[in-house]
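Trainee: Please read through the structure below; I'll follow up with questions.
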Amino acid sequence: MNKKNKTELKNKFSENDYYQLFNMNEGELKKLLNDKNQPMIIRIIIKNMLSGKGFDVVEKMLKK
């Protein structure tokens, strides 16, 4: 991953994106998790939110 890609990712994933994930129910999150067209970072975050460590993941996301 080059610097340009890192910058694009940072610019595309905003604080608002986190809040949208927080407001989704479990079914909506699972649907996005299984959608292969979603960016991998979104799928990784959702997978961790749905894991047994979900609260820890949300706490870390809020600190960003």
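Scheme for the structure tokens: letters A, B, ... for chains in order shown; per-chain residue numbers from 1; ligand numbers from 1 in order shown.
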Env of segment 19-24 of chain A: 12 Å cut, atoms = only C-alpha atoms, seq-sep filter 4 positions within chain, self excluded. Answer as number ranges by chain.
Mentor: A: 13-15, 28-33, 42-43, 45-50, 54-55, 57-59, 61-62, 64
Trainee: Measure the distance from atom CA of Lys53 of chain A to atom CA of Asn37 of chain A in Å and round it to one decimal.
Mentor: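 Computed distance, atom CA of Lys53 of chain A to atom CA of Asn37 of chain A, equals 24.9 Å.
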